[in-house]
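Structure data follow from run_39.txt (compact mmCIF, C-alpha atoms):
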```txt
# COMPACT_ATOMS: atom_id res chain seq x y z
CA MET M 145 6.50 -15.74 20.85
CA ILE M 146 4.25 -14.24 18.19
CA ILE M 147 0.45 -14.15 18.14
CA GLU M 148 -1.32 -14.58 14.81
CA THR M 149 -4.33 -12.28 15.14
CA HIS M 150 -6.14 -13.03 11.87
CA VAL M 151 -6.07 -16.40 10.11
CA HIS M 152 -8.76 -18.48 8.40
CA LEU M 153 -7.69 -21.92 9.63
CA CYS M 154 -11.02 -23.49 8.67
CA ASP M 155 -10.56 -22.61 5.02
CA GLU M 156 -10.62 -25.66 2.77
CA LYS M 157 -7.12 -24.80 1.52
CA TYR M 158 -5.84 -26.24 4.81
CA ASP M 159 -7.98 -29.38 4.85
CA HIS M 160 -5.13 -31.67 3.77
CA ASP M 161 -2.38 -30.37 6.09
CA ARG M 162 -3.84 -28.20 8.86
CA ASP M 163 -1.84 -29.94 11.60
CA GLU M 164 1.41 -29.45 9.67
CA VAL M 165 0.59 -25.76 9.13
CA LEU M 166 0.21 -25.29 12.87
CA LYS M 167 3.42 -27.21 13.57
CA ARG M 168 5.35 -25.02 11.13
CA ALA M 169 3.90 -21.96 12.79
CA ASN M 170 4.93 -23.19 16.24
CA ALA M 171 8.43 -23.93 14.96
CA SER M 172 8.71 -20.31 13.77
CA GLY M 173 7.55 -18.94 17.13
CA VAL M 174 3.84 -18.45 16.45
CA MET M 175 2.15 -19.97 19.49
CA LYS M 176 -1.36 -18.49 19.61
CA PHE M 177 -3.89 -17.95 16.83
CA LEU M 178 -7.15 -16.07 16.33
CA ASN M 179 -9.20 -18.14 13.90
CA ILE M 180 -11.56 -15.89 11.94
CA GLY M 181 -15.08 -16.62 10.73
CA ALA M 182 -16.27 -14.42 7.87
CA GLU M 183 -19.20 -16.41 6.47
CA LEU M 184 -21.77 -18.67 8.08
CA LYS M 185 -20.23 -21.92 6.81
CA GLU M 186 -16.86 -20.88 8.20
CA VAL M 187 -18.36 -19.72 11.50
CA ARG M 188 -19.95 -23.14 12.00
CA LYS M 189 -16.61 -24.87 11.39
CA ILE M 190 -14.88 -22.56 13.86
CA ALA M 191 -17.51 -23.20 16.51
CA ALA M 192 -16.92 -26.94 16.14
CA MET M 193 -13.10 -26.82 16.06
CA GLU M 194 -11.20 -27.21 19.32
CA ILE M 195 -7.42 -26.89 19.09
CA GLU M 196 -5.13 -25.79 21.90
CA ASN M 197 -4.12 -22.11 21.67
CA VAL M 198 -6.51 -21.50 18.75
CA TYR M 199 -9.06 -18.84 19.72
CA LYS M 200 -12.20 -17.87 17.87
CA ALA M 201 -13.69 -14.78 16.21
CA MET M 202 -17.03 -15.00 14.42
CA GLY M 203 -19.00 -12.64 12.23
CA LEU M 204 -19.95 -11.91 8.63
CA HIS M 205 -17.59 -10.25 6.16
CA PRO M 206 -19.25 -7.43 4.16
CA HIS M 207 -19.17 -9.67 1.08
CA ASN M 208 -21.40 -12.05 3.01
CA ALA M 209 -23.72 -9.49 4.59
CA ALA M 210 -26.73 -10.93 2.74
CA GLU M 211 -26.40 -14.10 4.84
CA LEU M 212 -27.66 -12.30 7.93
CA THR M 213 -31.20 -13.09 9.05
CA ASP M 214 -32.69 -13.02 12.51
CA GLY M 215 -32.09 -16.75 12.74
CA VAL M 216 -28.46 -16.49 11.65
CA TYR M 217 -27.85 -13.65 14.10
CA ASP M 218 -29.28 -15.76 16.93
CA GLU M 219 -27.20 -18.74 15.82
CA ILE M 220 -23.94 -16.79 15.84
CA LYS M 221 -24.82 -15.14 19.14
CA GLY M 222 -25.46 -18.60 20.55
CA TYR M 223 -21.97 -19.75 19.58
CA PHE M 224 -20.50 -16.89 21.59
CA LYS M 225 -22.58 -17.86 24.60
CA ALA M 226 -21.39 -21.47 24.35
CA GLN M 227 -17.73 -20.97 23.44
CA LYS M 228 -15.18 -20.11 26.11
CA LYS M 229 -12.53 -19.42 23.45
CA ALA M 230 -14.70 -17.01 21.44
CA VAL M 231 -12.82 -13.78 22.11
CA ALA M 232 -13.83 -11.35 19.33
CA VAL M 233 -16.67 -10.47 16.96
CA GLY M 234 -15.49 -10.50 13.38
CA GLU M 235 -14.69 -10.41 10.60
CA ILE M 236 -17.14 -7.56 10.13
CA GLY M 237 -17.01 -4.18 8.43
CA LEU M 238 -17.38 -2.41 5.09
CA ASP M 239 -15.87 -3.09 1.67
CA TYR M 240 -16.48 -0.67 -1.21
CA TYR M 241 -14.03 -2.33 -3.62
CA LYS M 242 -15.93 -4.29 -6.28
CA ASN M 243 -18.43 -5.50 -3.68
CA PRO M 244 -21.88 -6.26 -5.16
CA VAL M 245 -23.51 -6.00 -1.72
CA PRO M 246 -25.27 -2.61 -1.40
CA LYS M 247 -23.63 -0.18 1.01
CA ALA M 248 -26.83 0.16 3.01
CA LEU M 249 -26.97 -3.59 3.67
CA GLN M 250 -23.27 -3.72 4.55
CA GLU M 251 -23.80 -0.94 7.08
CA LYS M 252 -26.89 -2.58 8.59
CA VAL M 253 -25.01 -5.83 9.18
CA PHE M 254 -21.90 -4.03 10.44
CA ARG M 255 -24.00 -2.15 12.97
CA ALA M 256 -25.77 -5.33 14.07
CA PHE M 257 -22.46 -7.00 14.92
CA LEU M 258 -21.07 -3.90 16.61
CA GLY M 259 -24.16 -4.01 18.78
CA LEU M 260 -23.49 -7.68 19.55
CA ALA M 261 -19.88 -6.88 20.51
CA LYS M 262 -21.11 -4.16 22.85
CA GLU M 263 -23.65 -6.54 24.41
CA LEU M 264 -21.05 -9.30 24.87
CA ASP M 265 -18.28 -6.86 25.90
CA LEU M 266 -15.91 -8.21 23.26
CA PRO M 267 -13.48 -6.54 20.84
CA VAL M 268 -14.08 -6.55 17.10
CA ALA M 269 -12.04 -7.52 14.03
CA ILE M 270 -12.96 -4.96 11.37
CA HIS M 271 -12.57 -5.25 7.61
CA SER M 272 -12.22 -1.82 6.00
CA ARG M 273 -11.45 -1.63 2.29
CA GLU M 274 -11.85 1.70 0.52
CA ALA M 275 -14.35 2.55 3.26
CA HIS M 276 -12.19 4.03 6.01
CA ASP M 277 -14.18 7.22 6.51
CA ASP M 278 -17.50 5.41 6.86
CA VAL M 279 -15.98 2.77 9.14
CA TYR M 280 -14.47 5.49 11.30
CA ASN M 281 -17.73 7.43 11.58
CA ILE M 282 -19.71 4.31 12.51
CA ILE M 283 -17.32 2.96 15.14
CA ARG M 284 -17.27 6.38 16.79
CA GLU M 285 -20.95 5.76 17.59
CA TYR M 286 -20.25 2.41 19.29
CA VAL M 287 -18.02 2.96 22.29
CA LEU M 288 -16.77 -0.55 22.96
CA ASN M 289 -14.84 -1.21 26.16
CA LYS M 290 -12.42 -3.49 24.33
CA ARG M 291 -12.37 -1.62 20.99
CA GLY M 292 -10.69 -3.94 18.48
CA VAL M 293 -8.44 -4.12 15.43
CA ILE M 294 -8.66 -2.66 11.94
CA HIS M 295 -7.71 -5.85 10.14
CA CYS M 296 -5.30 -5.74 7.20
CA PHE M 297 -4.97 -2.00 7.62
CA SER M 298 -4.41 -0.33 4.26
CA GLY M 299 -4.80 3.39 4.87
CA ASP M 300 -2.47 6.35 5.14
CA ALA M 301 -0.98 7.99 8.22
CA GLY M 302 -3.94 10.33 8.62
CA ILE M 303 -6.60 7.64 8.98
CA ALA M 304 -4.18 5.47 10.97
CA GLY M 305 -3.99 8.23 13.55
CA LYS M 306 -7.76 8.64 13.63
CA PHE M 307 -8.32 4.93 14.25
CA THR M 308 -5.63 4.68 16.93
CA ASP M 309 -6.90 7.84 18.63
CA LEU M 310 -10.19 5.98 19.08
CA GLY M 311 -8.27 3.19 20.80
CA TYR M 312 -8.22 0.71 17.92
CA MET M 313 -5.23 -1.41 16.99
CA LEU M 314 -4.01 -1.74 13.42
CA GLY M 315 -3.57 -5.26 12.06
CA ILE M 316 -0.42 -5.41 9.94
CA GLY M 317 -0.07 -8.20 7.42
CA GLY M 318 1.86 -9.21 4.34
CA VAL M 319 0.89 -6.13 2.34
CA ILE M 320 3.52 -4.18 4.27
CA THR M 321 6.19 -6.15 2.38
CA PHE M 322 4.83 -5.30 -1.09
CA PRO M 323 6.96 -2.97 -3.22
CA ASN M 324 4.03 -0.60 -3.86
CA ALA M 325 3.01 -0.29 -0.18
CA GLU M 326 4.97 2.85 0.69
CA THR M 327 1.87 4.67 1.93
CA LEU M 328 1.15 1.83 4.34
CA ARG M 329 4.75 1.71 5.53
CA ASN M 330 4.64 5.45 6.23
CA ALA M 331 1.43 4.95 8.19
CA VAL M 332 2.90 2.14 10.28
CA ALA M 333 6.00 4.22 10.96
CA SER M 334 3.79 7.07 12.19
CA VAL M 335 1.93 5.23 14.97
CA PRO M 336 3.24 3.83 18.27
CA LEU M 337 4.23 0.19 18.33
CA GLU M 338 1.71 -0.23 21.14
CA CYS M 339 -1.02 0.25 18.50
CA LEU M 340 0.02 -2.67 16.27
CA VAL M 341 -0.74 -6.37 16.11
CA LEU M 342 0.55 -8.89 13.54
CA GLU M 343 -1.55 -11.03 11.22
CA THR M 344 -1.37 -12.92 7.95
CA ASP M 345 -5.01 -13.17 6.73
CA ALA M 346 -3.87 -16.61 5.58
CA PRO M 347 -4.49 -18.41 3.28
CA TRP M 348 -4.49 -15.10 1.34
CA LEU M 349 -2.05 -12.18 1.01
CA ALA M 350 1.25 -13.99 1.33
CA PRO M 351 4.14 -11.59 2.00
CA GLN M 352 6.37 -10.59 -0.89
CA GLN M 353 9.00 -13.21 0.02
CA GLU M 354 6.38 -15.96 -0.45
CA ARG M 355 4.28 -14.47 -3.27
CA GLY M 356 2.44 -17.04 -5.32
CA LYS M 357 2.21 -19.47 -2.42
CA ARG M 358 -0.66 -20.24 -0.09
CA ASN M 359 -0.16 -18.00 2.91
CA GLU M 360 0.23 -19.50 6.38
CA PRO M 361 1.00 -18.27 9.92
CA SER M 362 4.67 -19.27 9.83
CA TYR M 363 5.17 -16.38 7.39
CA LEU M 364 4.50 -13.89 10.18
CA ARG M 365 8.26 -13.68 10.61
CA HIS M 366 8.49 -11.69 7.36
CA ILE M 367 5.95 -9.19 8.65
CA ALA M 368 7.71 -8.84 12.01
CA GLN M 369 10.98 -8.20 10.17
CA ALA M 370 9.39 -5.53 7.98
CA VAL M 371 7.91 -3.72 10.99
CA ALA M 372 11.23 -3.95 12.82
CA ARG M 373 12.97 -2.22 9.93
CA LEU M 374 10.38 0.55 9.89
CA LYS M 375 10.62 1.09 13.64
CA ASN M 376 14.41 0.65 13.74
CA VAL M 377 14.18 -1.86 16.58
CA SER M 378 14.89 -5.56 16.91
CA VAL M 379 12.55 -8.24 15.65
CA GLU M 380 12.45 -9.54 19.23
CA GLN M 381 11.02 -6.22 20.42
CA ILE M 382 8.38 -6.27 17.68
CA GLU M 383 7.39 -9.78 18.68
CA SER M 384 7.30 -8.92 22.39
CA VAL M 385 5.27 -5.73 22.12
CA THR M 386 2.77 -6.95 19.52
CA THR M 387 2.25 -10.13 21.53
CA LYS M 388 1.45 -8.12 24.64
CA ASN M 389 -0.88 -5.94 22.59
CA ALA M 390 -2.78 -8.98 21.29
CA GLU M 391 -2.92 -10.66 24.69
CA LYS M 392 -4.42 -7.55 26.24
CA LEU M 393 -6.86 -6.85 23.40
CA PHE M 394 -8.23 -10.36 23.09
CA ASN M 395 -7.66 -11.51 26.68
CA ILE M 396 -5.72 -14.58 25.54
```
What does the file become when written as structure tokens?
Amino acid sequence: MIIETHVHLCDEKYDHDRDEVLKRANASGVMKFLNIGAELKEVRKIAAMEIENVYKAMGLHPHNAAELTDGVYDEIKGYFKAQKKAVAVGEIGLDYYKNPVPKALQEKVFRAFLGLAKELDLPVAIHSREAHDDVYNIIREYVLNKRGVIHCFSGDAGIAGKFTDLGYMLGIGGVITFPNAETLRNAVASVPLECLVLETDAPWLAPQQERGKRNEPSYLRHIAQAVARLKNVSVEQIESVTTKNAEKLFNI
């Protein structure tokens, strides 16, 4: 069994075949999913969606930080209070790559949701793009019992070690299969398998074997195979250990 720890199942790209996407995932061994909310519209869809073995994470991506008001914060907090399958706060974080949202606003919103995670005693799903040092310094201030995952990790071995030393998992997705991702592969090789979880970030970032297609959770097998090669272990061991990691982190 594999757990998909970061997928946007409520994205409109799945509106015409969502059930078939989940069936294909199940057929490939993916049996549990963490459905991610990164903007208010998506969060509302996630709150309303009830599918067996599909769990929920809700937050605001740094691109959508301007959506946060006191009313929106209370609304999202209310979904956590009402949803038994809401197991993580996210997608939240910082993005300094071509993001028009000012850094100060990104940080304010990031801190607000870290505070919510601490209050609710939940882990976080963190987006960190060209912002690893700032993300690291901020999460050091918020000692969460459950920590969380650095989603779609893209850093080098040095920052990988700093994040995992804090108790955070690294979310490994399709980028690890890209020809130009040698730095990432070296980073993944450098950390214990107990620090990794698998994800697709579908419908985006399809692995190299499926480039040009809409990404979907059934493609996790390519990521598991890539990690197995790096760790020189069987795909079955990658699936077993990363599944246990995700079950423990998200309590699913």
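Atom to atom, atom CA of M:Gly259 and atom CA of M:Arg284 stand 12.6 Å apart.
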May I ask which of the residues M:Tyr312, M:Phe224, M:Phe307, M:Trp348 is the closest one to M:Lys157, counting all atoms listed in the file? M:Trp348
Straight-line distance linking atom CA of M:Val151 with atom CA of M:Asp239, stated in Å to one decimal: 18.6 Å
Pick out the closest residue to M:Leu328 from this set: M:Leu314, M:Ala275, M:Val379, M:Leu153. Count all atoms listed in the file. M:Leu314
Go through stretch 241-313 of chain M residue by residue and, counting all atoms listed in the file, keep those with an atom at most 12 Å from stretch 167-186 of chain M; for each kept residue give the shortest atom pair and its distance in Å to one decimal, ordered by chain and increasing number, as a tab-separated table.
```
residue	atom	partner	partner_atom	distance
M:Phe257	CA	M:Ala182	CA	12.0
M:Val268	CA	M:Ile180	CA	11.0
M:Ala269	CA	M:Ile180	CA	8.6
M:Ile270	CA	M:Ala182	CA	10.6
M:His271	CA	M:Ala182	CA	9.9
M:His295	CA	M:Ile180	CA	10.9
```
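Candidate residues M:Val233, M:Val187, M:Ala248, M:Val385 were compared for distance to M:Leu264, and the nearest is M:Val233, using all atoms listed in the file.
Our summary of the geometry notes that atom CA of M:Thr308 is positioned 28.2 Å from atom CA of M:Ile220.
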